[in-house]
>>> print(open('protein-v5.txt').read())   # compact mmCIF, C-alpha atoms and all ligand atoms
# COMPACT_ATOMS: atom_id res chain seq x y z
CA MET A 67 0.00 0.00 0.00
CA ASP A 68 1.01 3.64 -0.36
CA ARG A 69 0.05 7.03 1.04
CA ASN A 70 -3.02 7.17 -1.23
CA ASN A 71 -4.54 4.18 0.54
CA GLY A 72 -7.91 5.02 2.12
CA LEU A 73 -7.15 3.31 5.41
CA PHE A 74 -3.84 5.20 5.71
CA LYS A 75 -5.61 8.50 5.01
CA ALA A 76 -8.32 7.73 7.55
CA GLY A 77 -5.63 6.71 10.05
CA LEU A 78 -3.87 10.02 9.49
CA LEU A 79 -7.10 11.90 10.12
CA LEU A 80 -7.72 9.99 13.37
CA HIS A 81 -4.11 10.22 14.53
CA GLY A 82 -3.43 13.87 13.69
CA HIS A 83 0.16 13.79 12.43
CA LYS A 84 2.31 11.84 10.02
CA CYS A 85 4.73 9.38 11.64
CA PRO A 86 6.04 5.84 10.97
CA ALA A 87 4.46 4.24 14.06
CA MET A 88 0.80 4.75 13.14
CA PRO A 89 1.30 2.96 9.77
CA MET A 90 3.26 0.25 11.61
CA GLY A 91 0.16 -0.44 13.70
CA LEU A 92 -1.99 -0.25 10.59
CA ARG A 93 0.09 -2.91 8.87
CA ALA A 94 0.19 -5.07 12.01
CA GLY A 95 -3.60 -4.91 12.28
CA MET A 96 -4.06 -5.79 8.61
CA ALA A 97 -1.61 -8.70 8.88
CA ALA A 98 -3.47 -10.01 11.95
CA LEU A 99 -6.85 -9.80 10.19
CA GLU A 100 -5.42 -11.70 7.25
CA ALA A 101 -3.84 -14.38 9.44
CA LEU A 102 -7.17 -14.97 11.20
CA GLY A 103 -9.16 -14.66 7.96
CA VAL A 104 -11.58 -12.18 9.54
CA GLU A 105 -12.99 -8.77 8.65
CA ARG A 106 -12.42 -5.51 10.51
CA ALA A 107 -14.68 -5.45 13.60
CA SER A 108 -17.83 -3.43 12.98
CA ASP A 109 -18.97 -4.26 16.53
CA GLY A 110 -17.13 -6.17 19.24
CA GLN A 111 -16.23 -9.26 17.18
CA LEU A 112 -12.50 -8.87 17.84
CA THR A 113 -10.27 -7.96 20.76
CA ALA A 114 -6.88 -6.32 20.27
CA LEU A 115 -4.17 -6.54 22.92
CA VAL A 116 -1.28 -4.15 22.31
CA GLU A 117 1.92 -4.51 24.32
CA ILE A 118 2.82 -0.80 24.30
CA ASP A 119 2.63 1.36 27.41
CA SER A 120 2.53 5.20 27.67
CA ASP A 121 5.13 7.96 27.30
CA HIS A 122 7.61 6.02 25.18
CA CYS A 123 8.57 5.96 21.51
CA ALA A 124 6.10 4.75 18.88
CA THR A 125 3.00 4.49 21.07
CA CYS A 126 1.27 5.94 17.96
CA TYR A 127 1.28 2.28 16.87
CA ALA A 128 -1.98 1.74 18.78
CA ASP A 129 -3.90 4.23 16.62
CA GLY A 130 -2.95 2.29 13.48
CA VAL A 131 -4.09 -0.93 15.16
CA MET A 132 -7.43 0.70 16.02
CA MET A 133 -7.88 1.95 12.46
CA ALA A 134 -7.09 -1.39 10.83
CA THR A 135 -8.90 -3.74 13.19
CA GLY A 136 -11.90 -1.66 14.29
CA CYS A 137 -10.93 -2.44 17.89
CA THR A 138 -11.30 0.97 19.50
CA PHE A 139 -11.19 2.78 22.81
CA GLY A 140 -14.90 3.62 22.43
CA LYS A 141 -15.97 0.02 21.85
CA GLY A 142 -13.67 -1.09 24.64
CA ASN A 143 -12.17 -3.93 22.64
CA ILE A 144 -8.56 -2.76 22.65
CA ARG A 145 -6.34 -3.04 25.70
CA LYS A 146 -2.77 -1.95 26.49
CA LEU A 147 -0.68 -4.57 28.24
CA GLY A 148 1.98 -2.02 29.25
CA TYR A 149 5.12 -4.00 28.34
CA GLY A 150 6.67 -1.27 26.15
CA LYS A 151 6.74 -3.64 23.15
CA PHE A 152 5.42 -3.20 19.61
CA VAL A 153 3.33 -6.33 19.47
CA LEU A 154 -0.33 -6.96 18.69
CA THR A 155 -2.40 -10.00 19.63
CA LEU A 156 -5.72 -10.09 17.83
CA ILE A 157 -8.46 -12.39 19.10
CA ASP A 158 -11.62 -13.52 17.31
CA ASN A 159 -14.18 -13.40 20.12
CA LYS A 160 -16.45 -15.95 18.46
CA THR A 161 -13.98 -18.74 17.92
CA GLY A 162 -11.13 -17.91 20.32
CA ARG A 163 -8.67 -18.00 17.42
CA SER A 164 -5.84 -15.63 18.14
CA VAL A 165 -2.68 -14.42 16.46
CA ARG A 166 0.37 -12.58 17.79
CA VAL A 167 2.13 -10.17 15.43
CA ALA A 168 5.49 -8.82 16.65
CA THR A 169 7.29 -6.00 14.84
CA ARG A 170 10.74 -7.15 13.74
CA ASN A 171 13.69 -5.64 15.60
CA GLU A 172 15.26 -4.41 12.34
CA VAL A 173 12.08 -2.45 11.53
CA ILE A 174 12.11 -0.72 14.90
CA LYS A 175 15.86 -0.05 14.57
CA ARG A 176 15.29 1.46 11.12
CA ASN A 177 12.67 3.80 12.61
CA GLN A 178 14.94 4.70 15.53
CA GLU A 179 17.66 5.69 13.09
CA SER A 180 15.36 7.71 10.82
CA GLU A 181 15.72 11.49 10.55
CA PHE A 182 12.20 11.75 11.97
CA ILE A 183 13.27 10.25 15.31
CA GLN A 184 16.33 12.51 15.55
CA PHE A 185 13.94 15.50 15.56
CA ARG A 186 11.57 13.78 17.99
CA LYS A 187 14.48 13.13 20.39
CA LYS A 188 15.19 16.87 20.39
CA GLY A 189 11.59 17.42 21.48
CA VAL A 190 10.19 18.61 18.14
CA PRO A 191 6.49 17.59 17.92
CA ALA A 192 5.82 15.22 15.02
CA SER A 193 3.44 17.69 13.36
CA LYS A 194 6.24 20.31 13.16
CA ILE A 195 8.71 18.07 11.31
CA ASP A 196 9.06 18.58 7.54
CA ALA A 197 6.87 15.96 5.82
CA ALA A 198 9.68 15.26 3.33
CA LEU A 199 11.79 13.91 6.22
CA ILE A 200 8.97 11.64 7.43
CA ASP A 201 7.79 10.24 4.10
CA PRO A 202 10.70 7.82 3.49
CA ALA A 203 10.09 6.10 6.85
CA VAL A 204 6.33 6.01 6.25
CA ASP A 205 6.70 4.73 2.68
CA PHE A 206 8.97 1.93 3.84
CA ILE A 207 6.40 0.72 6.39
CA LEU A 208 3.53 0.95 3.91
CA ALA A 209 5.30 -0.82 1.06
CA GLU A 210 7.31 -3.55 2.81
CA SER A 211 6.03 -7.17 2.92
CA ASP A 212 4.36 -8.53 6.06
CA GLU A 213 7.16 -11.06 6.26
CA ASN A 214 9.83 -8.35 6.41
CA LEU A 215 7.92 -6.22 8.91
CA PHE A 216 6.61 -8.81 11.33
CA LYS A 217 7.16 -12.11 13.05
CA ILE A 218 3.69 -13.66 12.84
CA ASP A 219 3.09 -16.60 15.17
CA PRO A 220 0.88 -19.51 14.11
CA VAL A 221 -2.82 -19.00 14.90
CA GLN A 222 -3.72 -20.41 18.31
CA GLU A 223 -6.98 -21.22 20.01
CA ILE A 224 -7.37 -19.62 23.41
CA LYS A 225 -10.04 -20.12 26.06
CA LEU A 226 -12.41 -17.16 26.04
CA THR A 227 -13.84 -15.69 29.21
CA PRO A 228 -17.39 -14.51 28.56
CA GLY A 229 -17.74 -10.70 28.68
CA ARG A 230 -20.57 -9.06 30.59
CA SER A 231 -23.57 -7.73 28.69
CA HIS A 232 -23.90 -4.00 28.09
CA ASP A 233 -25.56 -1.97 30.83
CA PHE A 234 -28.17 0.52 29.58
CA ASN A 235 -29.54 1.62 32.97
CA THR A 236 -28.59 5.01 34.36
CA ILE A 237 -29.11 7.07 37.51
CA ILE A 238 -28.99 10.81 38.19
CA CYS A 239 -26.56 11.74 40.94
CA SER A 240 -28.38 13.50 43.78
CA GLU A 241 -25.36 15.74 44.41
CA CYS A 242 -24.02 16.92 41.03
CA GLY A 243 -27.14 16.15 38.99
CA GLU A 244 -25.17 14.34 36.28
CA VAL A 245 -26.06 11.01 34.69
CA ALA A 246 -24.01 7.91 35.48
CA VAL A 247 -24.39 4.26 34.52
CA GLU A 248 -26.27 2.50 37.33
CA ARG A 249 -23.53 -0.01 38.07
CA TYR A 250 -21.26 2.90 39.12
CA ALA A 251 -23.77 4.49 41.48
CA ARG A 252 -23.01 4.62 45.22
CA VAL A 253 -25.14 5.30 48.26
CA LYS A 254 -23.95 8.18 50.46
CA ASN A 255 -25.98 9.26 53.49
CA GLY A 256 -28.96 7.41 52.08
CA LYS A 257 -28.76 9.16 48.70
CA VAL A 258 -27.78 7.77 45.30
CA VAL A 259 -24.64 9.52 44.05
CA CYS A 260 -22.00 9.12 41.34
CA MET A 261 -18.51 7.81 42.19
CA PRO A 262 -16.69 11.19 42.30
CA CYS A 263 -19.40 12.61 44.61
CA ALA A 264 -19.27 9.49 46.80
CA GLU A 265 -15.52 10.02 47.23
CA LYS A 266 -15.85 13.70 48.17
CA ALA A 267 -15.60 14.33 51.91
ZN ZN B 1 2.32 9.44 15.62
ZN ZN B 2 -22.22 13.34 41.27
>>> encode(input="protein-v5.txt", output="structure tokens")
Amino acid sequence: MDRNNGLFKAGLLLHGHKCPAMPMGLRAGMAALEALGVERASDGQLTALVEIDSDHCATCYADGVMMATGCTFGKGNIRKLGYGKFVLTLIDNKTGRSVRVATRNEVIKRNQESEFIQFRKKGVPASKIDAALIDPAVDFILAESDENLFKIDPVQEIKLTPGRSHDFNTIICSECGEVAVERYARVKNGKVVCMPCAEKA
């Protein structure tokens, strides 16, 4: 794929700036979908586990994974494992089939050595770096084969733990007057309140 690809463009819109890590997640997500032989999740059909954490290089990876797989923060079917690694495990929630896609060390090293990262290390925000300096790193990620980008483990079957059903009931907090989902309501001095109001002295 190249920079004219619709998914890349949509990813860019979601993500906000051009960088090599978002497309890396995009490609990882696409490779995982292909390995499982499933479509992007329109609802909660899939779960994505990403091994990144926060405040380190290339966390942008997760936005590409969201874009490709349809596993999103809003749907609640993407989770960070917090290992500081650029790895995706995608699970088919119907069958329990799962695949782990790890970014190859050479690919990460190539990114780390790119001109883009030299600016990032100096504290320049990604959106302020000349696009011409970012494009070679992005084009490499978009065009390279899955095989060269990732170590893709054989598909495994894992035991699924049933998720809880969605809660549609709400309450109105008697202190702040705001709506909260019923499950999160607390009783304080005999009145139904939201969690932040319950914790207030
Ligand atoms: Zn980014
Ligand atoms: Zn409240």
>>> closest_atom_pairs(input="protein-v5.txt", of="chain A", to="ligand ZN 1 (chain B)", cutoff="9 Å", atoms="only C-alpha atoms and all ligand atoms", output="Markdown table")
| residue | atom | partner | partner_atom | distance |
| --- | --- | --- | --- | --- |
| A:Leu78 | CA | B:ZN1 | ZN | 8.7 |
| A:His81 | CA | B:ZN1 | ZN | 6.6 |
| A:Gly82 | CA | B:ZN1 | ZN | 7.5 |
| A:His83 | CA | B:ZN1 | ZN | 5.8 |
| A:Lys84 | CA | B:ZN1 | ZN | 6.1 |
| A:Cys85 | CA | B:ZN1 | ZN | 4.7 |
| A:Pro86 | CA | B:ZN1 | ZN | 7.0 |
| A:Ala87 | CA | B:ZN1 | ZN | 5.8 |
| A:Met88 | CA | B:ZN1 | ZN | 5.5 |
| A:Pro89 | CA | B:ZN1 | ZN | 8.8 |
| A:Ala124 | CA | B:ZN1 | ZN | 6.8 |
| A:Thr125 | CA | B:ZN1 | ZN | 7.4 |
| A:Cys126 | CA | B:ZN1 | ZN | 4.3 |
| A:Tyr127 | CA | B:ZN1 | ZN | 7.3 |
| A:Asp129 | CA | B:ZN1 | ZN | 8.2 |
| A:Ala192 | CA | B:ZN1 | ZN | 6.8 |
| A:Ser193 | CA | B:ZN1 | ZN | 8.6 |
>>> write_last_selection(input="protein-v5.txt", atoms="C-alpha atoms", output="mmCIF file, in the frame of the given file")
data_model
loop_
_atom_site.group_PDB
_atom_site.id
_atom_site.type_symbol
_atom_site.label_atom_id
_atom_site.label_comp_id
_atom_site.auth_asym_id
_atom_site.auth_seq_id
_atom_site.Cartn_x
_atom_site.Cartn_y
_atom_site.Cartn_z
ATOM 1 C CA LEU A 78 -3.870 10.020 9.490
ATOM 2 C CA HIS A 81 -4.110 10.220 14.530
ATOM 3 C CA GLY A 82 -3.430 13.870 13.690
ATOM 4 C CA HIS A 83 0.160 13.790 12.430
ATOM 5 C CA LYS A 84 2.310 11.840 10.020
ATOM 6 C CA CYS A 85 4.730 9.380 11.640
ATOM 7 C CA PRO A 86 6.040 5.840 10.970
ATOM 8 C CA ALA A 87 4.460 4.240 14.060
ATOM 9 C CA MET A 88 0.800 4.750 13.140
ATOM 10 C CA PRO A 89 1.300 2.960 9.770
ATOM 11 C CA ALA A 124 6.100 4.750 18.880
ATOM 12 C CA THR A 125 3.000 4.490 21.070
ATOM 13 C CA CYS A 126 1.270 5.940 17.960
ATOM 14 C CA TYR A 127 1.280 2.280 16.870
ATOM 15 C CA ASP A 129 -3.900 4.230 16.620
ATOM 16 C CA ALA A 192 5.820 15.220 15.020
ATOM 17 C CA SER A 193 3.440 17.690 13.360
#
>>> residues_near_ligand(input="protein-v5.txt", ligand="ligand ZN 2 (chain B)", cutoff="12 Å", atoms="only C-alpha atoms and all ligand atoms", output="VMD selection string")
chain A and resid 237 to 247 250 to 254 257 to 266
>>> residues_near_point(input="protein-v5.txt", point="(14.7, 11.6, 14.9)", cutoff="12 Å", atoms="only C-alpha atoms", output="PDB file with C-alpha atoms, keeping the file's coordinate frame")
ATOM      1  CA  CYS A  85       4.730   9.380  11.640  1.00  0.00           C
ATOM      2  CA  PRO A  86       6.040   5.840  10.970  1.00  0.00           C
ATOM      3  CA  CYS A 123       8.570   5.960  21.510  1.00  0.00           C
ATOM      4  CA  ALA A 124       6.100   4.750  18.880  1.00  0.00           C
ATOM      5  CA  LYS A 175      15.860  -0.050  14.570  1.00  0.00           C
ATOM      6  CA  ARG A 176      15.290   1.460  11.120  1.00  0.00           C
ATOM      7  CA  ASN A 177      12.670   3.800  12.610  1.00  0.00           C
ATOM      8  CA  GLN A 178      14.940   4.700  15.530  1.00  0.00           C
ATOM      9  CA  GLU A 179      17.660   5.690  13.090  1.00  0.00           C
ATOM     10  CA  SER A 180      15.360   7.710  10.820  1.00  0.00           C
ATOM     11  CA  GLU A 181      15.720  11.490  10.550  1.00  0.00           C
ATOM     12  CA  PHE A 182      12.200  11.750  11.970  1.00  0.00           C
ATOM     13  CA  ILE A 183      13.270  10.250  15.310  1.00  0.00           C
ATOM     14  CA  GLN A 184      16.330  12.510  15.550  1.00  0.00           C
ATOM     15  CA  PHE A 185      13.940  15.500  15.560  1.00  0.00           C
ATOM     16  CA  ARG A 186      11.570  13.780  17.990  1.00  0.00           C
ATOM     17  CA  LYS A 187      14.480  13.130  20.390  1.00  0.00           C
ATOM     18  CA  LYS A 188      15.190  16.870  20.390  1.00  0.00           C
ATOM     19  CA  GLY A 189      11.590  17.420  21.480  1.00  0.00           C
ATOM     20  CA  VAL A 190      10.190  18.610  18.140  1.00  0.00           C
ATOM     21  CA  PRO A 191       6.490  17.590  17.920  1.00  0.00           C
ATOM     22  CA  ALA A 192       5.820  15.220  15.020  1.00  0.00           C
ATOM     23  CA  ILE A 195       8.710  18.070  11.310  1.00  0.00           C
ATOM     24  CA  ASP A 196       9.060  18.580   7.540  1.00  0.00           C
ATOM     25  CA  LEU A 199      11.790  13.910   6.220  1.00  0.00           C
ATOM     26  CA  ILE A 200       8.970  11.640   7.430  1.00  0.00           C
ATOM     27  CA  ALA A 203      10.090   6.100   6.850  1.00  0.00           C
TER      28      ALA A 203
END
>>> atom_distance(input="protein-v5.txt", atom1="CA of Gly136 (chain A)", atom2="CA of Glu117 (chain A)")
17.3 Å
>>> atom_distance(input="protein-v5.txt", atom1="CA of Leu112 (chain A)", atom2="CA of Ala76 (chain A)")
20.0 Å
>>> residues_around(input="protein-v5.txt", residues="Pro228 (chain A)", least_positions_apart="2", cutoff="12 Å", atoms="all atoms listed in the file", output="JSON, numbers by chain")
{"A": [159, 160, 161, 162, 225, 226, 230, 231]}
>>> atom_distance(input="protein-v5.txt", atom1="CA of Val204 (chain A)", atom2="CA of Ser164 (chain A)")
27.5 Å
>>> closest_residue(input="protein-v5.txt", among="A:Asn235, A:Asn255, A:Asn171, A:Thr113", to="Leu215 (chain A)", atoms="only C-alpha atoms")
A:Asn171
>>> closest_residue(input="protein-v5.txt", among="A:Met132, A:Ala209, A:Ala197, A:Val167", to="Phe152 (chain A)", atoms="only C-alpha atoms")
A:Val167
>>> closest_residue(input="protein-v5.txt", among="A:Pro220, A:Gly72, A:Gly256, A:Gly77", to="Gly130 (chain A)", atoms="only C-alpha atoms")
A:Gly77
>>> closest_residue(input="protein-v5.txt", among="A:Val104, A:Ala97, A:Ala168, A:Leu80", to="Ser211 (chain A)", atoms="all atoms listed in the file")
A:Ala97
>>> residues_around(input="protein-v5.txt", residues="Arg163 (chain A)", least_positions_apart="3", cutoff="7 Å", atoms="only C-alpha atoms", output="ChimeraX atom specification")
/A:157-158,221-224
>>> closest_residue(input="protein-v5.txt", among="A:Phe216, A:Phe234, A:Tyr149, A:Phe74", to="Ala98 (chain A)", atoms="all atoms listed in the file")
A:Phe216
>>> closest_residue(input="protein-v5.txt", among="A:Arg93, A:Arg166, A:Lys151, A:Lys217", to="Ala114 (chain A)", atoms="all atoms listed in the file")
A:Arg166
>>> axis_aligned_box(input="protein-v5.txt", around="region 131-136 of chain A", padding_each_side="6 Å", output="lines of an AutoDock Vina configuration file")
center_x = -8.0
center_y = -0.9
center_z = 13.4
size_x = 19.8
size_y = 17.7
size_z = 17.2
>>> build_atoms(input="protein-v5.txt", residues="region 110-121 of chain A", atoms="N, CA and C atoms", output="CSV table (one decimal), keeping the file's coordinate frame")
chain,number,residue,atom,x,y,z
A,110,GLY,N,-18.2,-5.7,18.3
A,110,GLY,CA,-17.1,-6.2,19.2
A,110,GLY,C,-16.6,-7.6,18.9
A,111,GLN,N,-16.6,-7.9,17.6
A,111,GLN,CA,-16.2,-9.3,17.2
A,111,GLN,C,-14.8,-9.6,17.5
A,112,LEU,N,-13.9,-8.6,17.6
A,112,LEU,CA,-12.5,-8.9,17.8
A,112,LEU,C,-12.0,-8.2,19.1
A,113,THR,N,-11.0,-8.7,19.7
A,113,THR,CA,-10.3,-8.0,20.8
A,113,THR,C,-8.8,-7.8,20.4
A,114,ALA,N,-8.3,-6.6,20.6
A,114,ALA,CA,-6.9,-6.3,20.3
A,114,ALA,C,-6.1,-6.1,21.6
A,115,LEU,N,-5.0,-6.8,21.8
A,115,LEU,CA,-4.2,-6.5,22.9
A,115,LEU,C,-2.9,-6.0,22.4
A,116,VAL,N,-2.5,-4.8,22.8
A,116,VAL,CA,-1.3,-4.2,22.3
A,116,VAL,C,-0.3,-4.1,23.5
A,117,GLU,N,0.9,-4.4,23.2
A,117,GLU,CA,1.9,-4.5,24.3
A,117,GLU,C,2.6,-3.2,24.6
A,118,ILE,N,2.2,-2.1,24.0
A,118,ILE,CA,2.8,-0.8,24.3
A,118,ILE,C,2.4,-0.3,25.7
A,119,ASP,N,3.1,0.7,26.2
A,119,ASP,CA,2.6,1.4,27.4
A,119,ASP,C,2.4,2.8,27.0
A,120,SER,N,2.7,3.8,27.9
A,120,SER,CA,2.5,5.2,27.7
A,120,SER,C,3.9,5.9,27.8
A,121,ASP,N,4.0,7.1,27.2
A,121,ASP,CA,5.1,8.0,27.3
A,121,ASP,C,6.4,7.3,26.9
